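Listing of structure-v4.txt, compact mmCIF, C-alpha atoms (C1' of nucleotides)
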# COMPACT_ATOMS: atom_id res chain seq x y z
CA MET A 8 -0.69 -15.70 2.57
CA ASN A 9 1.30 -13.85 0.00
CA VAL A 10 2.04 -14.78 -3.58
CA ALA A 11 5.59 -13.55 -3.20
CA ASP A 12 6.23 -16.13 -0.50
CA LYS A 13 5.83 -18.86 -3.06
CA LEU A 14 8.40 -17.52 -5.50
CA PRO A 15 11.27 -19.87 -6.17
CA PRO A 16 14.64 -18.75 -4.83
CA VAL A 17 16.47 -16.67 -7.37
CA HIS A 18 20.06 -17.53 -8.15
CA ASP A 19 22.49 -14.67 -8.62
CA ASP A 20 24.56 -14.80 -11.72
CA LEU A 21 26.52 -11.66 -11.30
CA GLU A 22 28.83 -11.85 -14.28
CA ALA A 23 27.72 -9.95 -17.38
CA GLY A 24 26.93 -6.69 -15.61
CA GLY A 25 25.05 -5.11 -18.47
CA GLU A 26 22.41 -7.75 -18.93
CA TYR A 27 18.76 -7.67 -18.11
CA ARG A 28 17.57 -9.63 -15.15
CA LEU A 29 14.07 -9.02 -13.92
CA HIS A 30 14.88 -9.57 -10.26
CA GLU A 31 17.39 -6.72 -10.42
CA GLN A 32 14.97 -4.20 -11.82
CA VAL A 33 13.96 -1.84 -9.03
CA GLY A 34 10.34 -1.72 -10.06
CA PHE A 35 9.91 -5.43 -9.78
CA VAL A 36 11.58 -5.69 -6.40
CA LEU A 37 9.72 -2.66 -5.11
CA ARG A 38 6.50 -4.36 -6.09
CA LYS A 39 7.45 -7.51 -4.23
CA ALA A 40 8.53 -5.55 -1.16
CA ASN A 41 5.20 -3.81 -1.23
CA GLN A 42 3.41 -7.14 -1.42
CA ARG A 43 5.24 -8.44 1.59
CA HIS A 44 4.47 -5.33 3.57
CA LEU A 45 0.81 -5.51 2.55
CA SER A 46 0.51 -9.03 3.85
CA ILE A 47 2.19 -8.12 7.14
CA PHE A 48 -0.15 -5.16 7.49
CA ALA A 49 -3.21 -7.29 6.78
CA ALA A 50 -2.12 -9.85 9.36
CA HIS A 51 -1.91 -7.16 12.04
CA VAL A 52 -4.88 -5.05 11.18
CA GLY A 53 -7.30 -6.99 9.04
CA ASP A 54 -10.23 -4.66 8.69
CA LEU A 55 -8.40 -1.58 7.45
CA THR A 56 -6.14 -1.13 4.44
CA PRO A 57 -2.84 0.81 4.53
CA PRO A 58 -4.29 3.72 2.52
CA GLN A 59 -7.27 3.90 4.86
CA PHE A 60 -4.99 3.88 7.85
CA ALA A 61 -2.74 6.49 6.29
CA ALA A 62 -5.73 8.76 5.83
CA LEU A 63 -6.86 8.31 9.43
CA ALA A 64 -3.33 8.79 10.78
CA ARG A 65 -2.85 12.02 8.85
CA LEU A 66 -6.21 13.32 9.96
CA HIS A 67 -5.18 12.59 13.52
CA GLU A 68 -1.98 14.53 12.92
CA VAL A 69 -3.35 17.60 11.19
CA GLY A 70 -6.99 17.74 12.27
CA GLU A 71 -9.66 18.69 9.76
CA THR A 72 -8.75 19.33 6.12
CA SER A 73 -10.36 19.36 2.76
CA GLN A 74 -10.60 16.06 0.97
CA ASN A 75 -8.13 16.88 -1.79
CA GLN A 76 -5.64 18.39 0.63
CA LEU A 77 -5.71 15.23 2.68
CA GLY A 78 -5.06 13.35 -0.52
CA GLN A 79 -1.98 15.43 -1.19
CA LEU A 80 -0.74 14.82 2.33
CA ILE A 81 -0.74 11.09 1.72
CA ALA A 82 0.14 11.14 -1.98
CA MET A 83 -3.23 10.16 -3.41
CA ASP A 84 -4.88 11.79 -6.35
CA ALA A 85 -8.39 13.20 -6.09
CA ALA A 86 -10.14 10.17 -7.53
CA THR A 87 -8.36 7.76 -5.21
CA ILE A 88 -8.80 9.69 -1.99
CA LYS A 89 -12.48 10.03 -2.75
CA GLY A 90 -12.97 6.28 -2.70
CA VAL A 91 -10.95 5.92 0.49
CA ILE A 92 -12.91 8.64 2.27
CA ASP A 93 -16.22 7.24 1.02
CA ARG A 94 -15.45 3.88 2.58
CA LEU A 95 -14.23 5.41 5.84
CA LYS A 96 -17.37 7.54 5.93
CA LYS A 97 -19.59 4.53 5.37
CA ARG A 98 -18.00 2.94 8.43
CA GLY A 99 -18.43 6.07 10.51
CA LEU A 100 -14.71 6.65 11.02
CA VAL A 101 -14.66 10.12 9.47
CA THR A 102 -17.08 13.02 9.27
CA LEU A 103 -17.79 15.18 6.24
CA LYS A 104 -19.14 18.70 6.19
CA PRO A 105 -19.13 21.57 3.71
CA HIS A 106 -16.52 24.31 4.10
CA THR A 107 -18.06 27.52 5.38
CA LEU A 108 -16.14 29.94 3.16
CA ASP A 109 -15.28 27.90 0.08
CA ARG A 110 -18.34 26.07 -1.13
CA ARG A 111 -16.32 23.79 -3.37
CA ARG A 112 -14.58 22.17 -0.44
CA LEU A 113 -15.53 19.21 1.69
CA VAL A 114 -14.05 19.24 5.18
CA VAL A 115 -13.01 15.83 6.45
CA GLY A 116 -12.46 15.07 10.12
CA LEU A 117 -12.05 12.11 12.43
CA SER A 118 -15.17 10.88 14.16
CA GLU A 119 -14.90 9.85 17.77
CA GLU A 120 -14.72 6.20 16.75
CA GLY A 121 -12.12 7.09 14.18
CA ARG A 122 -9.99 8.84 16.78
CA VAL A 123 -10.19 5.93 19.18
CA LEU A 124 -9.32 3.48 16.41
CA VAL A 125 -6.32 5.47 15.19
CA GLU A 126 -4.92 5.86 18.66
CA ARG A 127 -5.23 2.15 19.22
CA LEU A 128 -3.52 1.40 15.91
CA LEU A 129 -0.58 3.81 16.07
CA PRO A 130 1.58 1.43 18.13
CA VAL A 131 0.50 -1.44 15.89
CA ALA A 132 1.70 0.49 12.86
CA MET A 133 5.14 0.80 14.39
CA ARG A 134 5.23 -2.94 14.99
CA ILE A 135 4.24 -3.49 11.37
CA THR A 136 7.15 -1.35 10.23
CA ALA A 137 9.46 -3.23 12.57
CA GLU A 138 8.32 -6.58 11.23
CA THR A 139 8.68 -5.45 7.64
CA LEU A 140 12.23 -4.38 8.38
CA LYS A 141 13.02 -7.58 10.27
CA PRO A 142 15.25 -9.01 7.50
CA LEU A 143 17.61 -6.11 8.20
CA ASN A 144 19.65 -5.36 11.31
CA ALA A 145 19.29 -1.97 12.99
CA ARG A 146 22.06 -0.29 11.02
CA GLU A 147 20.84 -1.67 7.70
CA ALA A 148 17.28 -0.64 8.49
CA GLU A 149 18.36 2.92 9.13
CA ILE A 150 20.33 3.06 5.89
CA PHE A 151 17.50 1.47 3.98
CA LEU A 152 14.92 3.96 5.18
CA LYS A 153 17.22 6.83 4.28
CA LEU A 154 17.85 5.56 0.77
CA LEU A 155 14.22 4.56 0.23
CA GLY A 156 13.21 8.06 1.20
CA LYS A 157 15.51 9.48 -1.45
CA ILE A 158 14.04 7.17 -4.07
CA ALA A 159 10.52 8.08 -3.08
CA ASP A 160 11.11 11.83 -3.11
CA GLY A 161 13.09 11.86 -6.34
CA MET B 11 2.83 13.83 -13.63
CA ASN B 12 2.87 12.14 -10.30
CA VAL B 13 0.89 12.93 -7.19
CA ALA B 14 3.94 12.29 -5.05
CA ASP B 15 5.79 15.10 -6.80
CA LYS B 16 3.40 17.58 -5.33
CA LEU B 17 3.87 16.52 -1.72
CA PRO B 18 5.18 19.26 0.52
CA PRO B 19 8.74 18.74 1.74
CA VAL B 20 8.76 16.83 4.98
CA HIS B 21 10.80 18.18 7.85
CA ASP B 22 12.65 15.72 10.01
CA ASP B 23 12.09 16.07 13.68
CA LEU B 24 14.30 13.31 14.89
CA GLU B 25 13.94 13.73 18.63
CA ALA B 26 11.44 11.44 20.36
CA GLY B 27 12.57 8.23 18.68
CA GLY B 28 9.56 6.15 19.69
CA GLU B 29 6.87 8.32 18.19
CA TYR B 30 4.73 7.72 15.17
CA ARG B 31 5.49 9.64 12.03
CA LEU B 32 3.82 8.55 8.84
CA HIS B 33 6.72 9.44 6.60
CA GLU B 34 8.92 7.02 8.53
CA GLN B 35 6.62 4.06 8.14
CA VAL B 36 8.10 1.75 5.53
CA GLY B 37 4.78 0.99 3.93
CA PHE B 38 4.04 4.58 3.21
CA VAL B 39 7.46 5.31 1.76
CA LEU B 40 7.43 2.10 -0.25
CA ARG B 41 4.14 3.21 -1.75
CA LYS B 42 5.57 6.58 -2.71
CA ALA B 43 8.70 5.02 -4.17
CA ASN B 44 6.49 2.76 -6.21
CA GLN B 45 4.51 5.75 -7.45
CA ARG B 46 7.63 7.52 -8.58
CA HIS B 47 8.87 4.44 -10.38
CA LEU B 48 5.50 3.97 -12.03
CA SER B 49 5.56 7.47 -13.41
CA ILE B 50 9.11 7.04 -14.71
CA PHE B 51 8.10 3.78 -16.35
CA ALA B 52 5.05 5.34 -17.96
CA ALA B 53 7.14 8.20 -19.33
CA HIS B 54 9.49 5.76 -21.03
CA VAL B 55 7.07 3.13 -22.24
CA GLY B 56 3.58 4.54 -22.32
CA ASP B 57 1.55 1.77 -23.85
CA LEU B 58 2.60 -1.06 -21.54
CA THR B 59 2.35 -1.33 -17.76
CA PRO B 60 5.13 -2.71 -15.54
CA PRO B 61 3.21 -5.92 -14.81
CA GLN B 62 2.57 -6.44 -18.51
CA PHE B 63 6.23 -5.87 -19.27
CA ALA B 64 7.28 -8.20 -16.45
CA ALA B 65 5.12 -10.94 -17.95
CA LEU B 66 6.59 -10.44 -21.42
CA ALA B 67 10.13 -10.28 -20.08
CA ARG B 68 9.73 -13.50 -18.12
CA LEU B 69 8.20 -15.25 -21.09
CA HIS B 70 11.20 -14.16 -23.12
CA GLU B 71 13.46 -15.62 -20.46
CA VAL B 72 11.78 -18.95 -19.88
CA GLY B 73 9.83 -19.59 -23.06
CA GLU B 74 6.36 -21.10 -22.90
CA THR B 75 4.75 -21.81 -19.54
CA SER B 76 1.36 -22.29 -18.06
CA GLN B 77 -0.53 -19.19 -17.07
CA ASN B 78 -0.36 -19.78 -13.33
CA GLN B 79 3.29 -20.72 -13.42
CA LEU B 80 4.08 -17.49 -15.20
CA GLY B 81 2.15 -15.73 -12.46
CA GLN B 82 4.31 -17.34 -9.82
CA LEU B 83 7.44 -16.33 -11.69
CA ILE B 84 6.45 -12.67 -11.45
CA ALA B 85 4.67 -12.82 -8.10
CA MET B 86 1.09 -12.47 -9.29
CA ASP B 87 -1.80 -14.55 -8.08
CA ALA B 88 -3.98 -16.47 -10.51
CA ALA B 89 -6.70 -13.84 -10.73
CA THR B 90 -4.24 -11.04 -11.45
CA ILE B 91 -2.14 -12.82 -14.05
CA LYS B 92 -5.30 -13.78 -15.88
CA GLY B 93 -6.22 -10.16 -16.45
CA VAL B 94 -2.69 -9.28 -17.54
CA ILE B 95 -2.53 -12.17 -20.01
CA ASP B 96 -6.00 -11.38 -21.33
CA ARG B 97 -4.94 -7.85 -22.18
CA LEU B 98 -1.67 -8.97 -23.75
CA LYS B 99 -3.57 -11.56 -25.75
CA LYS B 100 -6.04 -8.97 -26.96
CA ARG B 101 -3.12 -6.98 -28.31
CA GLY B 102 -1.59 -9.99 -29.96
CA LEU B 103 1.60 -9.95 -27.89
CA VAL B 104 1.17 -13.45 -26.48
CA THR B 105 -0.29 -16.69 -27.76
CA LEU B 106 -2.48 -19.11 -25.83
CA LYS B 107 -2.96 -22.80 -26.49
CA PRO B 108 -4.13 -25.76 -24.43
CA HIS B 109 -1.54 -28.02 -22.87
CA THR B 110 -1.34 -31.34 -24.68
CA LEU B 111 -1.01 -33.57 -21.64
CA ASP B 112 -2.73 -31.60 -18.88
CA ARG B 113 -6.05 -30.32 -20.09
CA ARG B 114 -6.39 -27.93 -17.18
CA ARG B 115 -3.42 -25.88 -18.30
CA LEU B 116 -3.17 -22.98 -20.68
CA VAL B 117 0.20 -22.59 -22.33
CA VAL B 118 1.30 -18.99 -22.78
CA GLY B 119 3.98 -17.94 -25.22
CA LEU B 120 5.34 -14.82 -26.87
CA SER B 121 4.00 -13.99 -30.27
CA GLU B 122 6.40 -12.72 -32.89
CA GLU B 123 5.28 -9.15 -32.20
CA GLY B 124 5.65 -9.78 -28.50
CA ARG B 125 9.19 -11.02 -28.95
CA VAL B 126 10.17 -8.04 -31.06
CA LEU B 127 8.61 -5.65 -28.55
CA VAL B 128 10.34 -7.22 -25.54
CA GLU B 129 13.70 -7.17 -27.20
CA ARG B 130 13.26 -3.53 -28.04
CA LEU B 131 12.22 -2.72 -24.48
CA LEU B 132 14.87 -4.62 -22.51
CA PRO B 133 17.44 -1.80 -22.76
CA VAL B 134 14.71 0.72 -21.98
CA ALA B 135 13.89 -1.19 -18.80
CA MET B 136 17.48 -0.85 -17.66
CA ARG B 137 17.35 2.88 -18.28
CA ILE B 138 14.15 3.06 -16.25
CA THR B 139 15.87 1.35 -13.35
CA ALA B 140 18.80 3.71 -13.70
CA GLU B 141 16.55 6.75 -13.65
CA THR B 142 14.62 5.47 -10.65
CA LEU B 143 17.91 5.03 -8.80
CA LYS B 144 19.22 8.41 -9.90
CA PRO B 145 18.82 10.02 -6.46
CA LEU B 146 21.47 7.57 -5.25
CA ASN B 147 25.13 7.34 -6.19
CA ALA B 148 26.52 4.06 -7.46
CA ARG B 149 27.52 2.72 -4.07
CA GLU B 150 24.22 3.70 -2.48
CA ALA B 151 22.28 2.14 -5.34
CA GLU B 152 24.06 -1.14 -4.89
CA ILE B 153 23.40 -1.17 -1.15
CA PHE B 154 19.80 -0.16 -1.69
CA LEU B 155 19.09 -2.95 -4.13
CA LYS B 156 20.66 -5.48 -1.77
CA LEU B 157 18.59 -4.32 1.21
CA LEU B 158 15.42 -3.96 -0.84
CA GLY B 159 15.88 -7.51 -2.03
CA LYS B 160 16.05 -8.71 1.56
CA ILE B 161 12.88 -6.83 2.42
CA ALA B 162 11.08 -8.23 -0.60
CA ASP B 163 12.08 -11.82 0.04
CA GLY B 164 11.43 -11.71 3.78
C1' DG C 10 -15.90 44.32 -12.60
C1' DC C 11 -15.42 40.62 -15.46
C1' DA C 12 -13.47 37.09 -18.43
C1' DA C 13 -9.83 33.75 -18.22
C1' DA C 14 -7.53 30.60 -15.52
C1' DC C 15 -7.49 27.76 -11.85
C1' DT C 16 -9.25 24.70 -7.98
C1' DC C 17 -12.41 21.27 -5.78
C1' DG C 18 -14.88 17.37 -5.97
C1' DT C 19 -17.02 13.93 -8.96
C1' DT C 20 -17.56 10.48 -12.51
C1' DT C 21 -15.98 7.22 -15.99
C1' DG C 22 -12.80 4.04 -17.80
C1' DT C 23 -8.89 1.06 -17.41
C1' DA C 24 -5.43 -1.73 -14.84
C1' DT C 25 -3.52 -3.89 -10.93
C1' DA C 26 -4.15 -6.74 -6.71
C1' DC C 27 -6.02 -10.23 -3.71
C1' DG C 28 -9.52 -13.32 -1.15
C1' DA C 29 -12.85 -16.70 -1.82
C1' DA C 30 -15.62 -19.82 -4.31
C1' DT C 31 -16.20 -22.99 -8.28
C1' DG C 32 -15.82 -26.55 -12.03
C1' DA C 33 -12.76 -29.39 -14.48
C1' DT C 34 -9.00 -32.14 -14.37
C1' DA C 35 -5.00 -34.69 -12.47
C1' DC C 36 -2.69 -37.17 -8.82
C1' DG C 37 -1.85 -39.97 -4.53
C1' DC C 38 -2.63 -43.61 -1.81
C1' DC C 39 -4.60 -47.62 -0.54
C1' DG D 4 -9.68 -48.71 -9.73
C1' DG D 5 -11.55 -45.32 -7.20
C1' DC D 6 -11.86 -41.71 -3.75
C1' DG D 7 -9.99 -37.83 -1.40
C1' DT D 8 -6.92 -34.18 -2.28
C1' DA D 9 -4.50 -30.99 -4.93
C1' DT D 10 -3.92 -28.02 -8.98
C1' DC D 11 -5.44 -24.98 -12.96
C1' DA D 12 -8.08 -21.57 -14.67
C1' DT D 13 -12.07 -18.74 -14.03
C1' DT D 14 -15.32 -15.67 -11.81
C1' DC D 15 -17.00 -12.42 -8.35
C1' DG D 16 -16.38 -8.89 -5.07
C1' DT D 17 -13.71 -5.28 -3.08
C1' DA D 18 -9.97 -1.79 -2.90
C1' DT D 19 -6.35 0.90 -4.66
C1' DA D 20 -4.45 3.84 -8.50
C1' DC D 21 -4.42 7.22 -12.18
C1' DA D 22 -5.89 9.78 -16.59
C1' DA D 23 -9.28 12.48 -18.49
C1' DA D 24 -13.29 15.14 -18.65
C1' DC D 25 -16.79 17.65 -16.25
C1' DG D 26 -19.66 21.20 -13.47
C1' DA D 27 -19.62 24.33 -9.89
C1' DG D 28 -17.13 27.68 -7.51
C1' DT D 29 -13.10 30.93 -6.72
C1' DT D 30 -9.17 33.75 -7.84
C1' DT D 31 -6.34 36.57 -11.09
C1' DG D 32 -5.33 39.79 -14.54
C1' DC D 33 -6.29 43.63 -16.53
Once more with this new file: its structure as structure tokens, please.
Amino acid sequence: MNVADKLPPVHDDLEAGGEYRLHEQVGFVLRKANQRHLSIFAAHVGDLTPPQFAALARLHEVGETSQNQLGQLIAMDAATIKGVIDRLKKRGLVTLKPHTLDRRRLVVGLSEEGRVLVERLLPVAMRITAETLKPLNAREAEIFLKLLGKIADG
Amino acid sequence: MNVADKLPPVHDDLEAGGEYRLHEQVGFVLRKANQRHLSIFAAHVGDLTPPQFAALARLHEVGETSQNQLGQLIAMDAATIKGVIDRLKKRGLVTLKPHTLDRRRLVVGLSEEGRVLVERLLPVAMRITAETLKPLNAREAEIFLKLLGKIADG
DNA sequence: GCAAACTCGTTTGTATACGAATGATACGCC
DNA sequence: GGCGTATCATTCGTATACAAACGAGTTTGC
């Protein structure tokens, strides 16, 4: 259950174009959209968070990498990716080993269980995206993803 | 500085429509968009977070309310809004007093400093939204906000 | 070669976020 | 009126997120 689901319907008063209305501020609506997606994700997956899944999915894509590099690939700073990897490690979904040449680095890889799990979840992830986009028709969804991508990349 | 800014450019390989690509999953892109907005917000405001500002802005709109009700108005669950209000209280931006009729409730209101601060920040918030939407032209921005609203509200 | 600058991972501190459990209070229904 | 249910605020536990500072290691500049 999501907090956002309980929000009262918001009435549009579209006169007075220059005024402040919280529900028209991108940040606020982005946050709510995120909340809704989170709850859809949790309903489908349950025992893995989106960041954890993102890490596993990227590892599956690129193979082994250093911890920080993986973080960059999924837009997480060093402190955040560390926690994510720690928890995945504790569950045996990833493996950690020192880099042979650069002794600062920690090489992260998928364990066998991790690989199996990711491959099972990849189709689920696509269904999650589809369900999140359900309020839009196909054409709108395509436009939305394009524009959202521009916003995300600056 | 934002982690997302350092992400390598992502190349579109648009053949194979049914395949999994992380950068096309809404959740992932929503998260990045949020990150970019966060960093824009921080650059403009600095000593207030978006949730804190949302709380103040809503209080300015609706006047006094109970803590939980305020949470519902900005899509925060009880545990989250408590922390936000606590921190605003500690800085003297909101006032807390018991409800006269319902002794369970805690009535939250803007302090004088809080009111002054919100009123100063309202125009800034609109500039933050504008800057976040800068990658889009006016028509795109309008479409984007409409579609994002649908996604957020389910 | 070597000192300065940078990178990698870690830790600490703060701020969301939410689920779940709890105590106090209010309300509904009979 | 009183009991079951619902609501309000709080607390605990877990998981992002990021800034800042740090030690250890590596690369650059000269």
Practice task
Give me the residues within 7 Å of region 14-28 of chain D as a PyMOL selection string, counting all atoms listed in the file and dropping any in the same chain fewer than 2 places off.
Solution key: chain A and resi 87+110-111
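CA of Val104 (chain B) sits 28.8 Å away from CA of Arg43 (chain A).
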Up to 8 Å from chain A, what residues of chain B turn up? Count only C-alpha atoms and give them as a PDB file with C-alpha atoms, in the coordinates of the input.
ATOM      1  CA  VAL B  13       0.890  12.930  -7.190  1.00  0.00           C
ATOM      2  CA  ALA B  14       3.940  12.290  -5.050  1.00  0.00           C
ATOM      3  CA  ASP B  15       5.790  15.100  -6.800  1.00  0.00           C
ATOM      4  CA  LYS B  16       3.400  17.580  -5.330  1.00  0.00           C
ATOM      5  CA  LEU B  17       3.870  16.520  -1.720  1.00  0.00           C
ATOM      6  CA  PRO B  18       5.180  19.260   0.520  1.00  0.00           C
ATOM      7  CA  TYR B  30       4.730   7.720  15.170  1.00  0.00           C
ATOM      8  CA  LEU B  32       3.820   8.550   8.840  1.00  0.00           C
ATOM      9  CA  GLU B  34       8.920   7.020   8.530  1.00  0.00           C
ATOM     10  CA  GLN B  35       6.620   4.060   8.140  1.00  0.00           C
ATOM     11  CA  VAL B  36       8.100   1.750   5.530  1.00  0.00           C
ATOM     12  CA  GLY B  37       4.780   0.990   3.930  1.00  0.00           C
ATOM     13  CA  PHE B  38       4.040   4.580   3.210  1.00  0.00           C
ATOM     14  CA  VAL B  39       7.460   5.310   1.760  1.00  0.00           C
ATOM     15  CA  LEU B  40       7.430   2.100  -0.250  1.00  0.00           C
ATOM     16  CA  ARG B  41       4.140   3.210  -1.750  1.00  0.00           C
ATOM     17  CA  LYS B  42       5.570   6.580  -2.710  1.00  0.00           C
ATOM     18  CA  ALA B  43       8.700   5.020  -4.170  1.00  0.00           C
ATOM     19  CA  ASN B  44       6.490   2.760  -6.210  1.00  0.00           C
ATOM     20  CA  GLN B  45       4.510   5.750  -7.450  1.00  0.00           C
ATOM     21  CA  ARG B  46       7.630   7.520  -8.580  1.00  0.00           C
ATOM     22  CA  HIS B  47       8.870   4.440 -10.380  1.00  0.00           C
ATOM     23  CA  LEU B  48       5.500   3.970 -12.030  1.00  0.00           C
ATOM     24  CA  PRO B  60       5.130  -2.710 -15.540  1.00  0.00           C
ATOM     25  CA  ALA B  64       7.280  -8.200 -16.450  1.00  0.00           C
ATOM     26  CA  ALA B  67      10.130 -10.280 -20.080  1.00  0.00           C
ATOM     27  CA  ARG B  68       9.730 -13.500 -18.120  1.00  0.00           C
ATOM     28  CA  GLN B  82       4.310 -17.340  -9.820  1.00  0.00           C
ATOM     29  CA  LEU B  83       7.440 -16.330 -11.690  1.00  0.00           C
ATOM     30  CA  ILE B  84       6.450 -12.670 -11.450  1.00  0.00           C
ATOM     31  CA  ALA B  85       4.670 -12.820  -8.100  1.00  0.00           C
ATOM     32  CA  MET B  86       1.090 -12.470  -9.290  1.00  0.00           C
ATOM     33  CA  ASP B  87      -1.800 -14.550  -8.080  1.00  0.00           C
ATOM     34  CA  LEU B 132      14.870  -4.620 -22.510  1.00  0.00           C
ATOM     35  CA  PRO B 133      17.440  -1.800 -22.760  1.00  0.00           C
ATOM     36  CA  ALA B 135      13.890  -1.190 -18.800  1.00  0.00           C
ATOM     37  CA  MET B 136      17.480  -0.850 -17.660  1.00  0.00           C
ATOM     38  CA  THR B 139      15.870   1.350 -13.350  1.00  0.00           C
ATOM     39  CA  THR B 142      14.620   5.470 -10.650  1.00  0.00           C
ATOM     40  CA  LEU B 143      17.910   5.030  -8.800  1.00  0.00           C
ATOM     41  CA  LYS B 144      19.220   8.410  -9.900  1.00  0.00           C
ATOM     42  CA  PRO B 145      18.820  10.020  -6.460  1.00  0.00           C
ATOM     43  CA  LEU B 146      21.470   7.570  -5.250  1.00  0.00           C
ATOM     44  CA  GLU B 150      24.220   3.700  -2.480  1.00  0.00           C
ATOM     45  CA  PHE B 154      19.800  -0.160  -1.690  1.00  0.00           C
ATOM     46  CA  LEU B 155      19.090  -2.950  -4.130  1.00  0.00           C
ATOM     47  CA  LEU B 157      18.590  -4.320   1.210  1.00  0.00           C
ATOM     48  CA  LEU B 158      15.420  -3.960  -0.840  1.00  0.00           C
ATOM     49  CA  GLY B 159      15.880  -7.510  -2.030  1.00  0.00           C
ATOM     50  CA  LYS B 160      16.050  -8.710   1.560  1.00  0.00           C
ATOM     51  CA  ILE B 161      12.880  -6.830   2.420  1.00  0.00           C
ATOM     52  CA  ALA B 162      11.080  -8.230  -0.600  1.00  0.00           C
ATOM     53  CA  ASP B 163      12.080 -11.820   0.040  1.00  0.00           C
ATOM     54  CA  GLY B 164      11.430 -11.710   3.780  1.00  0.00           C
TER      55      GLY B 164
END
Tell me which residues come within 10 Å of (-9.6, 38.7, -14.0), as a compact mmCIF listing (two decimals) with C-alpha atoms (C1' of nucleotides), in the coordinates of the input, counting all atoms listed in the file in the file's coordinates.
# COMPACT_ATOMS: atom_id res chain seq x y z
C1' DG C 10 -15.90 44.32 -12.60
C1' DC C 11 -15.42 40.62 -15.46
C1' DA C 12 -13.47 37.09 -18.43
C1' DA C 13 -9.83 33.75 -18.22
C1' DA C 14 -7.53 30.60 -15.52
C1' DT D 30 -9.17 33.75 -7.84
C1' DT D 31 -6.34 36.57 -11.09
C1' DG D 32 -5.33 39.79 -14.54
C1' DC D 33 -6.29 43.63 -16.53
Handout entry: Interface, chain C side, toward chain B (12 Å; only C-alpha atoms (C1' of nucleotides)) as a count of residues only
Key = 12
Practice task
Figure out the distance between C1' of DT19 (chain C) and CA of Leu77 (chain A), please, to one decimal in Å.
Solution key: 16.3 Å
Exercise for the section: For CA of Gly73 (chain B) and CA of Gly56 (chain B), quote the distance in Å rounded to one decimal. Expected result: 24.9 Å
Completion exercise
Between A:Ile47, A:Leu100, A:Ala145, A:Leu108, smallest distance to chain D by all atoms listed in the file belongs to A:Leu108
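Each of B:Leu116, B:Leu58, B:Ile95, B:Ala52 was checked against chain D using all atoms listed in the file; the smallest atom-to-atom distance is that of B:Leu116.
Closest approach to Arg101 (chain B) among B:Asp57, B:Thr75, B:Asn147, B:Leu131: B:Asp57, based on only C-alpha atoms.
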